[in-house]
$ cat upload_12.txt   # compact mmCIF, N, CA and C atoms
# COMPACT_ATOMS: atom_id res chain seq x y z
N MET V 1 0.83 -1.18 0.00
CA MET V 1 0.00 0.00 0.00
C MET V 1 0.88 1.24 0.00
N ALA V 2 0.56 2.18 -0.85
CA ALA V 2 1.34 3.41 -0.98
C ALA V 2 1.01 4.37 0.16
N ASP V 3 1.99 5.21 0.52
CA ASP V 3 1.83 6.16 1.61
C ASP V 3 1.23 7.49 1.16
N VAL V 4 1.51 7.87 -0.09
CA VAL V 4 1.11 9.18 -0.58
C VAL V 4 0.18 9.03 -1.77
N LEU V 5 -0.89 9.80 -1.77
CA LEU V 5 -1.80 9.84 -2.90
C LEU V 5 -1.80 11.27 -3.42
N GLU V 6 -1.35 11.42 -4.65
CA GLU V 6 -1.35 12.74 -5.30
C GLU V 6 -2.45 12.74 -6.34
N ILE V 7 -3.25 13.81 -6.34
CA ILE V 7 -4.34 13.93 -7.31
C ILE V 7 -4.17 15.24 -8.06
N ASN V 8 -4.09 15.14 -9.38
CA ASN V 8 -4.06 16.32 -10.22
C ASN V 8 -5.50 16.75 -10.44
N VAL V 9 -5.88 17.87 -9.86
CA VAL V 9 -7.27 18.31 -9.90
C VAL V 9 -7.71 18.62 -11.33
N ALA V 10 -6.82 19.16 -12.11
CA ALA V 10 -7.17 19.54 -13.48
C ALA V 10 -7.47 18.33 -14.36
N THR V 11 -6.67 17.26 -14.19
CA THR V 11 -6.82 16.10 -15.07
C THR V 11 -7.51 14.93 -14.38
N GLY V 12 -7.56 14.95 -13.06
CA GLY V 12 -8.13 13.84 -12.32
C GLY V 12 -7.17 12.67 -12.17
N GLU V 13 -5.94 12.83 -12.64
CA GLU V 13 -4.94 11.77 -12.55
C GLU V 13 -4.58 11.51 -11.08
N ARG V 14 -4.54 10.24 -10.73
CA ARG V 14 -4.19 9.82 -9.36
C ARG V 14 -2.86 9.07 -9.40
N ILE V 15 -1.95 9.48 -8.54
CA ILE V 15 -0.65 8.82 -8.43
C ILE V 15 -0.47 8.36 -6.99
N GLU V 16 -0.26 7.08 -6.82
CA GLU V 16 0.03 6.53 -5.51
C GLU V 16 1.50 6.17 -5.47
N ARG V 17 2.17 6.62 -4.41
CA ARG V 17 3.61 6.37 -4.29
C ARG V 17 4.00 6.29 -2.82
N ASP V 18 5.20 5.82 -2.59
CA ASP V 18 5.75 5.77 -1.23
C ASP V 18 6.35 7.13 -0.89
N PHE V 19 6.55 7.37 0.42
CA PHE V 19 7.24 8.58 0.84
C PHE V 19 8.66 8.58 0.30
N THR V 20 9.16 9.76 -0.02
CA THR V 20 10.58 9.89 -0.31
C THR V 20 11.31 9.83 1.03
N PRO V 21 12.62 9.58 1.04
CA PRO V 21 13.35 9.56 2.32
C PRO V 21 13.18 10.88 3.09
N GLU V 22 13.16 11.99 2.37
CA GLU V 22 13.01 13.29 3.03
C GLU V 22 11.62 13.44 3.65
N GLU V 23 10.60 13.00 2.91
CA GLU V 23 9.23 13.06 3.43
C GLU V 23 9.07 12.16 4.65
N GLN V 24 9.67 10.97 4.59
CA GLN V 24 9.59 10.05 5.72
C GLN V 24 10.28 10.64 6.94
N ALA V 25 11.44 11.24 6.75
CA ALA V 25 12.16 11.86 7.86
C ALA V 25 11.34 13.01 8.46
N GLN V 26 10.72 13.83 7.60
CA GLN V 26 9.91 14.93 8.09
C GLN V 26 8.69 14.41 8.84
N ARG V 27 8.09 13.36 8.31
CA ARG V 27 6.91 12.76 8.97
C ARG V 27 7.28 12.27 10.36
N GLU V 28 8.41 11.59 10.48
CA GLU V 28 8.86 11.08 11.78
C GLU V 28 9.17 12.23 12.73
N ALA V 29 9.78 13.30 12.22
CA ALA V 29 10.08 14.47 13.06
C ALA V 29 8.79 15.14 13.52
N ASP V 30 7.80 15.24 12.63
CA ASP V 30 6.52 15.84 12.99
C ASP V 30 5.81 15.03 14.06
N ILE V 31 5.84 13.71 13.92
CA ILE V 31 5.20 12.84 14.91
C ILE V 31 5.89 12.98 16.26
N ALA V 32 7.23 13.01 16.27
CA ALA V 32 7.97 13.15 17.51
C ALA V 32 7.67 14.50 18.17
N ALA V 33 7.58 15.56 17.37
CA ALA V 33 7.27 16.89 17.91
C ALA V 33 5.86 16.93 18.50
N ALA V 34 4.92 16.30 17.83
CA ALA V 34 3.54 16.26 18.33
C ALA V 34 3.46 15.49 19.64
N LEU V 35 4.16 14.37 19.72
CA LEU V 35 4.16 13.58 20.96
C LEU V 35 4.82 14.36 22.10
N ALA V 36 5.90 15.08 21.80
CA ALA V 36 6.57 15.88 22.82
C ALA V 36 5.65 17.01 23.30
N ALA V 37 4.95 17.66 22.38
CA ALA V 37 4.03 18.73 22.75
C ALA V 37 2.89 18.20 23.60
N GLU V 38 2.39 17.03 23.25
CA GLU V 38 1.31 16.41 24.02
C GLU V 38 1.78 16.07 25.44
N ALA V 39 2.99 15.55 25.55
CA ALA V 39 3.53 15.19 26.86
C ALA V 39 3.77 16.45 27.69
N GLU V 40 4.24 17.51 27.06
CA GLU V 40 4.47 18.77 27.77
C GLU V 40 3.14 19.35 28.27
N HIS V 41 2.12 19.29 27.44
CA HIS V 41 0.80 19.78 27.83
C HIS V 41 0.26 18.99 29.02
N ALA V 42 0.42 17.68 28.97
CA ALA V 42 -0.04 16.83 30.08
C ALA V 42 0.71 17.16 31.36
N ALA V 43 2.01 17.44 31.25
CA ALA V 43 2.81 17.78 32.43
C ALA V 43 2.35 19.12 33.02
N VAL V 44 2.03 20.09 32.15
CA VAL V 44 1.55 21.39 32.63
C VAL V 44 0.22 21.23 33.36
N LEU V 45 -0.69 20.45 32.77
CA LEU V 45 -1.98 20.22 33.43
C LEU V 45 -1.81 19.53 34.78
N ALA V 46 -0.92 18.56 34.83
CA ALA V 46 -0.67 17.84 36.09
C ALA V 46 -0.09 18.79 37.14
N ALA V 47 0.83 19.66 36.72
CA ALA V 47 1.43 20.62 37.65
C ALA V 47 0.38 21.61 38.17
N GLU V 48 -0.50 22.07 37.28
CA GLU V 48 -1.56 22.98 37.70
C GLU V 48 -2.50 22.30 38.70
N THR V 49 -2.87 21.08 38.42
CA THR V 49 -3.74 20.34 39.32
C THR V 49 -3.07 20.14 40.67
N GLN V 50 -1.80 19.79 40.66
CA GLN V 50 -1.07 19.59 41.91
C GLN V 50 -0.96 20.90 42.68
N ALA V 51 -0.73 22.00 42.00
CA ALA V 51 -0.63 23.30 42.67
C ALA V 51 -1.95 23.67 43.34
N LYS V 52 -3.07 23.41 42.67
CA LYS V 52 -4.37 23.69 43.27
C LYS V 52 -4.60 22.80 44.50
N THR V 53 -4.27 21.53 44.37
CA THR V 53 -4.42 20.60 45.49
C THR V 53 -3.57 21.05 46.68
N ASP V 54 -2.33 21.43 46.40
CA ASP V 54 -1.44 21.89 47.47
C ASP V 54 -1.99 23.15 48.14
N ALA V 55 -2.53 24.08 47.33
CA ALA V 55 -3.08 25.32 47.89
C ALA V 55 -4.28 25.03 48.79
N ILE V 56 -5.13 24.12 48.36
CA ILE V 56 -6.30 23.75 49.17
C ILE V 56 -5.86 23.09 50.47
N GLU V 57 -4.91 22.16 50.37
CA GLU V 57 -4.42 21.48 51.58
C GLU V 57 -3.78 22.47 52.55
N HIS V 58 -3.05 23.44 52.01
CA HIS V 58 -2.40 24.45 52.86
C HIS V 58 -3.46 25.29 53.57
N ALA V 59 -4.46 25.74 52.82
CA ALA V 59 -5.53 26.55 53.42
C ALA V 59 -6.25 25.76 54.51
N LYS V 60 -6.51 24.48 54.24
CA LYS V 60 -7.19 23.65 55.24
C LYS V 60 -6.31 23.44 56.48
N SER V 61 -4.98 23.36 56.27
CA SER V 61 -4.08 23.20 57.41
C SER V 61 -4.08 24.44 58.30
N LEU V 62 -4.48 25.57 57.73
CA LEU V 62 -4.59 26.81 58.50
C LEU V 62 -5.96 26.97 59.15
N GLY V 63 -6.84 25.99 58.92
CA GLY V 63 -8.14 26.00 59.55
C GLY V 63 -9.28 26.52 58.70
N PHE V 64 -9.02 26.79 57.44
CA PHE V 64 -10.09 27.27 56.56
C PHE V 64 -11.01 26.12 56.17
N THR V 65 -12.29 26.40 56.06
CA THR V 65 -13.26 25.41 55.62
C THR V 65 -13.38 25.47 54.10
N ASP V 66 -14.03 24.47 53.51
CA ASP V 66 -14.26 24.49 52.07
C ASP V 66 -15.01 25.74 51.65
N GLU V 67 -16.01 26.12 52.43
CA GLU V 67 -16.80 27.30 52.09
C GLU V 67 -15.94 28.57 52.10
N MET V 68 -15.08 28.68 53.09
CA MET V 68 -14.20 29.85 53.18
C MET V 68 -13.23 29.89 51.99
N ILE V 69 -12.69 28.74 51.65
CA ILE V 69 -11.76 28.68 50.52
C ILE V 69 -12.47 29.05 49.23
N ASN V 70 -13.69 28.55 49.04
CA ASN V 70 -14.46 28.88 47.83
C ASN V 70 -14.73 30.37 47.72
N VAL V 71 -15.00 31.02 48.85
CA VAL V 71 -15.28 32.46 48.83
C VAL V 71 -14.00 33.25 48.53
N MET V 72 -12.91 32.88 49.20
CA MET V 72 -11.67 33.64 49.05
C MET V 72 -10.92 33.31 47.75
N TYR V 73 -10.99 32.07 47.32
CA TYR V 73 -10.24 31.62 46.14
C TYR V 73 -11.15 30.79 45.23
N PRO V 74 -12.10 31.43 44.56
CA PRO V 74 -13.06 30.67 43.74
C PRO V 74 -12.40 29.88 42.61
N SER V 75 -11.23 30.29 42.16
CA SER V 75 -10.58 29.57 41.07
C SER V 75 -10.07 28.19 41.49
N LEU V 76 -9.96 27.96 42.80
CA LEU V 76 -9.51 26.64 43.26
C LEU V 76 -10.60 25.60 43.11
N GLY V 77 -11.84 26.04 43.12
CA GLY V 77 -12.94 25.12 42.87
C GLY V 77 -13.07 23.99 43.87
N VAL V 78 -13.02 24.32 45.15
CA VAL V 78 -13.17 23.29 46.18
C VAL V 78 -14.59 22.74 46.11
N VAL V 79 -14.69 21.43 46.09
CA VAL V 79 -15.99 20.77 46.05
C VAL V 79 -16.30 20.30 47.46
N ASN V 80 -17.48 20.67 47.95
CA ASN V 80 -17.88 20.21 49.28
C ASN V 80 -18.23 18.74 49.23
N VAL V 81 -17.63 17.99 50.13
CA VAL V 81 -17.92 16.56 50.21
C VAL V 81 -18.64 16.21 51.47
$ encode --input "upload_12.txt" --output "structure tokens"
Amino acid sequence: MADVLEINVATGERIERDFTPEEQAQREADIAAALAAEAEHAAVLAAETQAKTDAIEHAKSLGFTDEMINVMYPSLGVVNV
């Protein structure tokens, strides 16, 4: 099975071919970059979640209730349990 399908819109000619070495290298680089960006995004989200959790735990260690935290820091989104 060919990797690339080229279609000449004017003539309707279809050409199926394999990637050139340069195209294959670029494809692999693009995939690696996308995976790295996805991993970085996941790490940022995890760090943000951990920072919120730490802030809530710290506030609670100072004696604040969920309701007080929600009023003072609504972006933390404390859920009453």
$ atom_distance --input "upload_12.txt" --atom1 "atom N of Asp66 of chain V" --atom2 "atom CA of Leu45 of chain V"
23.8 Å
$ select_by_dssp --input "upload_12.txt" --residues "chain V" --states "helix (DSSP H, G or I)" --output "VMD selection string"
chain V and resid 21 to 61 66 to 72 74 to 76
$ atom_distance --input "upload_12.txt" --atom1 "atom N of Gly12 of chain V" --atom2 "atom CA of Ala25 of chain V"
28.9 Å
$ residues_around --input "upload_12.txt" --residues "Arg17 of chain V" --least-positions-apart "6" --cutoff "5 Å" --atoms "all atoms listed in the file" --output "short mmCIF file (atom, residue, chain, number, x, y, z; two decimals) with N, CA and C atoms, in the coordinates of the input"
data_model
loop_
_atom_site.label_atom_id
_atom_site.label_comp_id
_atom_site.auth_asym_id
_atom_site.auth_seq_id
_atom_site.Cartn_x
_atom_site.Cartn_y
_atom_site.Cartn_z
N ALA V 2 0.56 2.18 -0.85
CA ALA V 2 1.34 3.41 -0.98
C ALA V 2 1.01 4.37 0.16
N ASP V 3 1.99 5.21 0.52
CA ASP V 3 1.83 6.16 1.61
C ASP V 3 1.23 7.49 1.16
N VAL V 4 1.51 7.87 -0.09
CA VAL V 4 1.11 9.18 -0.58
C VAL V 4 0.18 9.03 -1.77
#
$ atom_distance --input "upload_12.txt" --atom1 "atom N of Leu76 of chain V" --atom2 "atom CA of Leu62 of chain V"
16.6 Å
$ residues_around --input "upload_12.txt" --residues "segment 51-57 of chain V" --least-positions-apart "4" --cutoff "8 Å" --atoms "only N, CA and C atoms" --output "number ranges by chain"
V: 45-47, 61-63, 69, 75-78
$ select_by_dssp --input "upload_12.txt" --residues "chain V" --states "strand (DSSP E)" --output "VMD selection string"
chain V and resid 4 to 7 14 to 17
